[in-house]
Amino acid sequence: MNFQPACREKNQVSLFYKILVVYSILSLSLLITGYVYTNNLLYITFFILSLVVVAIYFYGVFEPSNNLFIKSLKGKDISPQEHFVLLRFDDGPDPNYTPRILDILKENKIQAIFAVTGENSLKYPHIIERIVKEKHILANHSYSHPYLISLYSFNKLHREIQRCNEVIEAKTRQKVKYYCPPMGHKSLALAKVLKKLNMSLLAWDLNTGDTRRGKEQIVNIIKDSIKAGDIVLFHDGIFKWTRQDREATVKSLEEIIIYLRNKNLVKEAE
């Protein structure tokens, strides 16, 4: 399969900003009316409305697939053939697991997405070279994979993403088109940063949970939940607070590819 990356429409006013405008108008109306008519019920309504907006904001931050702040691209947005599944590997490159995964993909003629960090790319540039040589998509996964990245200011977030871009582009001479946020967390600042960097946000459709699950569990998640056109999330790198090896990921991959091929959900690369 040859990917035809396409940056979709960007720079639109986010849905959350539209919600804020509606909220502001309603809130001002409620407060003025409550003051004029000394109606405590209107103040209570304002308070409840505020809680709803806060809840919507946190949903926008922590739910990877939503489009509240910025359009999240899925498999059907970047693959020329929507029927096929795309495999995505985050947090690498890793010297132990990424080459083994690349070997399996090469043997099966499968192209995938590798969302790499700047720090690991600096440590293992030869793996980055191999990923590009074997025609996989390289995506930005931030420079240092900070767990509180959704709280970063515009400037701090811009530095984090741009620094990773610089590391990748210095080695590959290719512009990085996609950003895959750590944990899938987003923010209003992120929407502005990606607009400035002319990048698209790439999400996933199915998370295998391989940072905490064993081989059989990973395979069963695929068999139970996979759909045509999905981007399936795996991890080839290791970070704190996760399982400290990726043996289950590597060992499950062959069986998963066989299953997907039997279901006509993957196509061999040309």
# chains A, B, ... in the order shown; residues from 1 in each chain; ligands from 1
>>> select_by_dssp(residues="segment 64-249 of chain A", states="strand (DSSP E)", output="mmCIF file with C-alpha atoms, in the first residue's frame")
data_model
loop_
_atom_site.group_PDB
_atom_site.id
_atom_site.type_symbol
_atom_site.label_atom_id
_atom_site.label_comp_id
_atom_site.auth_asym_id
_atom_site.auth_seq_id
_atom_site.Cartn_x
_atom_site.Cartn_y
_atom_site.Cartn_z
ATOM 1 C CA SER A 72 -8.278 14.623 14.068
ATOM 2 C CA LEU A 73 -7.362 12.672 10.950
ATOM 3 C CA LEU A 86 -3.147 0.966 9.157
ATOM 4 C CA LEU A 87 -0.828 -0.126 11.971
ATOM 5 C CA ARG A 88 0.695 2.641 14.084
ATOM 6 C CA PHE A 89 3.613 2.344 16.531
ATOM 7 C CA ASP A 90 4.250 5.067 19.133
ATOM 8 C CA ILE A 113 3.010 4.660 10.817
ATOM 9 C CA PHE A 114 5.794 5.325 13.335
ATOM 10 C CA ALA A 115 5.124 8.184 15.746
ATOM 11 C CA VAL A 116 8.600 8.901 17.097
ATOM 12 C CA ILE A 137 5.176 7.204 7.547
ATOM 13 C CA LEU A 138 7.112 9.108 10.210
ATOM 14 C CA ALA A 139 5.026 11.245 12.567
ATOM 15 C CA ASN A 140 5.983 13.675 15.329
ATOM 16 C CA TYR A 178 1.603 14.637 11.102
ATOM 17 C CA TYR A 179 1.593 15.176 14.851
ATOM 18 C CA SER A 200 -2.218 17.808 10.792
ATOM 19 C CA LEU A 201 -3.207 15.950 13.929
ATOM 20 C CA LEU A 202 -3.284 12.177 13.448
ATOM 21 C CA LEU A 206 -8.429 1.339 17.975
ATOM 22 C CA ASN A 207 -6.050 1.228 20.938
ATOM 23 C CA ILE A 231 -5.668 3.076 12.529
ATOM 24 C CA VAL A 232 -4.578 0.556 15.162
ATOM 25 C CA LEU A 233 -2.360 1.824 17.976
ATOM 26 C CA PHE A 234 0.638 -0.152 19.233
ATOM 27 C CA HIS A 235 3.821 0.952 21.010
#
>>> closest_atom_pairs(of="segment 125-148 of chain A", to="segment 95-104 of chain A", cutoff="10 Å", atoms="only C-alpha atoms", output="Markdown table")
| residue | atom | partner | partner_atom | distance |
| --- | --- | --- | --- | --- |
| A:His126 | CA | A:Pro95 | CA | 9.7 |
| A:Ile127 | CA | A:Pro99 | CA | 7.2 |
| A:Ile128 | CA | A:Thr98 | CA | 9.8 |
| A:Arg130 | CA | A:Leu102 | CA | 8.5 |
| A:Ile131 | CA | A:Leu102 | CA | 7.6 |
| A:Glu134 | CA | A:Leu102 | CA | 8.5 |
| A:His136 | CA | A:Leu102 | CA | 9.5 |
>>> closest_residue(among="A:Ile256, A:Ala191, A:Val167, A:Leu148", to="Ile218 of chain A", atoms="only C-alpha atoms")
A:Ile256
>>> closest_residue(among="A:Lys106, A:Gly92, A:Leu157, A:Ala112", to="Pro125 of chain A", atoms="only C-alpha atoms")
A:Gly92
>>> atom_distance(atom1="atom CA of Lys192 of chain A", atom2="atom CA of Asn120 of chain A")
25.7 Å
>>> closest_residue(among="A:Phe62, A:Tyr124, A:Tyr37, A:Phe84", to="Ile149 of chain A", atoms="only C-alpha atoms")
A:Phe62
>>> residues_around(residues="segment 244-252 of chain A", least_positions_apart="3", cutoff="6 Å", atoms="only C-alpha atoms", output="ChimeraX atom specification")
/A:214-215,255
>>> closest_residue(among="A:Glu216, A:Asp91, A:Asp224, A:Glu129", to="Asp236 of chain A", atoms="only C-alpha atoms")
A:Asp91
>>> closest_residue(among="A:Ser142, A:Thr211, A:Leu190, A:Gln174", to="Ile161 of chain A", atoms="only C-alpha atoms")
A:Ser142
>>> atom_distance(atom1="atom CA of His141 of chain A", atom2="atom CA of Ala170 of chain A")
16.0 Å
>>> select_by_dssp(residues="segment 98-200 of chain A", states="alpha helix (DSSP H)", output="count of residues only")
55
>>> closest_residue(among="A:Ser187, A:Ser27, A:Asn165, A:Thr33", to="Leu151 of chain A", atoms="only C-alpha atoms")
A:Ser187
>>> decode(residues="segment 119-142 of chain A", atoms="N, CA and C atoms", output="JSON list (two decimals), in the first residue's frame")
[["chain", "number", "residue", "atom", "x", "y", "z"],
["A", 119, "GLU", "N", 13.76, 12.79, 21.22],
["A", 119, "GLU", "CA", 14.84, 12.25, 22.04],
["A", 119, "GLU", "C", 15.30, 10.90, 21.52],
["A", 120, "ASN", "N", 14.37, 10.00, 21.25],
["A", 120, "ASN", "CA", 14.74, 8.68, 20.76],
["A", 120, "ASN", "C", 15.29, 8.73, 19.34],
["A", 121, "SER", "N", 14.80, 9.66, 18.55],
["A", 121, "SER", "CA", 15.30, 9.81, 17.18],
["A", 121, "SER", "C", 16.76, 10.25, 17.19],
["A", 122, "LEU", "N", 17.12, 11.10, 18.15],
["A", 122, "LEU", "CA", 18.51, 11.52, 18.29],
["A", 122, "LEU", "C", 19.40, 10.36, 18.71],
["A", 123, "LYS", "N", 18.88, 9.49, 19.57],
["A", 123, "LYS", "CA", 19.67, 8.37, 20.07],
["A", 123, "LYS", "C", 19.89, 7.29, 19.01],
["A", 124, "TYR", "N", 18.86, 7.09, 18.17],
["A", 124, "TYR", "CA", 18.91, 5.97, 17.24],
["A", 124, "TYR", "C", 18.60, 6.43, 15.80],
["A", 125, "PRO", "N", 19.44, 7.29, 15.27],
["A", 125, "PRO", "CA", 19.17, 7.83, 13.92],
["A", 125, "PRO", "C", 19.17, 6.75, 12.84],
["A", 126, "HIS", "N", 19.95, 5.68, 13.05],
["A", 126, "HIS", "CA", 19.99, 4.61, 12.04],
["A", 126, "HIS", "C", 18.64, 3.92, 11.89],
["A", 127, "ILE", "N", 17.85, 3.89, 12.99],
["A", 127, "ILE", "CA", 16.52, 3.29, 12.90],
["A", 127, "ILE", "C", 15.57, 4.21, 12.15],
["A", 128, "ILE", "N", 15.71, 5.52, 12.37],
["A", 128, "ILE", "CA", 14.92, 6.49, 11.62],
["A", 128, "ILE", "C", 15.21, 6.33, 10.13],
["A", 129, "GLU", "N", 16.48, 6.17, 9.79],
["A", 129, "GLU", "CA", 16.85, 5.99, 8.38],
["A", 129, "GLU", "C", 16.18, 4.75, 7.80],
["A", 130, "ARG", "N", 16.15, 3.68, 8.58],
["A", 130, "ARG", "CA", 15.53, 2.45, 8.07],
["A", 130, "ARG", "C", 14.02, 2.63, 7.89],
["A", 131, "ILE", "N", 13.37, 3.29, 8.84],
["A", 131, "ILE", "CA", 11.92, 3.52, 8.74],
["A", 131, "ILE", "C", 11.59, 4.24, 7.44],
["A", 132, "VAL", "N", 12.37, 5.28, 7.13],
["A", 132, "VAL", "CA", 12.15, 6.05, 5.91],
["A", 132, "VAL", "C", 12.48, 5.23, 4.68],
["A", 133, "LYS", "N", 13.59, 4.51, 4.73],
["A", 133, "LYS", "CA", 14.02, 3.70, 3.59],
["A", 133, "LYS", "C", 12.97, 2.66, 3.23],
["A", 134, "GLU", "N", 12.28, 2.12, 4.22],
["A", 134, "GLU", "CA", 11.28, 1.08, 3.98],
["A", 134, "GLU", "C", 9.88, 1.67, 3.79],
["A", 135, "LYS", "N", 9.85, 2.99, 3.58],
["A", 135, "LYS", "CA", 8.65, 3.71, 3.12],
["A", 135, "LYS", "C", 7.49, 3.71, 4.11],
["A", 136, "HIS", "N", 7.81, 3.77, 5.38],
["A", 136, "HIS", "CA", 6.78, 3.95, 6.39],
["A", 136, "HIS", "C", 6.56, 5.45, 6.62],
["A", 137, "ILE", "N", 5.45, 5.80, 7.21],
["A", 137, "ILE", "CA", 5.18, 7.20, 7.55],
["A", 137, "ILE", "C", 5.82, 7.52, 8.89],
["A", 138, "LEU", "N", 6.56, 8.60, 8.95],
["A", 138, "LEU", "CA", 7.11, 9.11, 10.21],
["A", 138, "LEU", "C", 6.24, 10.25, 10.71],
["A", 139, "ALA", "N", 5.83, 10.18, 11.96],
["A", 139, "ALA", "CA", 5.03, 11.24, 12.57],
["A", 139, "ALA", "C", 5.72, 11.76, 13.81],
["A", 140, "ASN", "N", 5.44, 13.01, 14.15],
["A", 140, "ASN", "CA", 5.98, 13.67, 15.33],
["A", 140, "ASN", "C", 5.18, 13.26, 16.56],
["A", 141, "HIS", "N", 5.88, 12.75, 17.58],
["A", 141, "HIS", "CA", 5.22, 12.34, 18.83],
["A", 141, "HIS", "C", 5.72, 13.18, 20.00],
["A", 142, "SER", "N", 6.13, 14.42, 19.69],
["A", 142, "SER", "CA", 6.72, 15.38, 20.62],
["A", 142, "SER", "C", 8.20, 15.06, 20.82]]
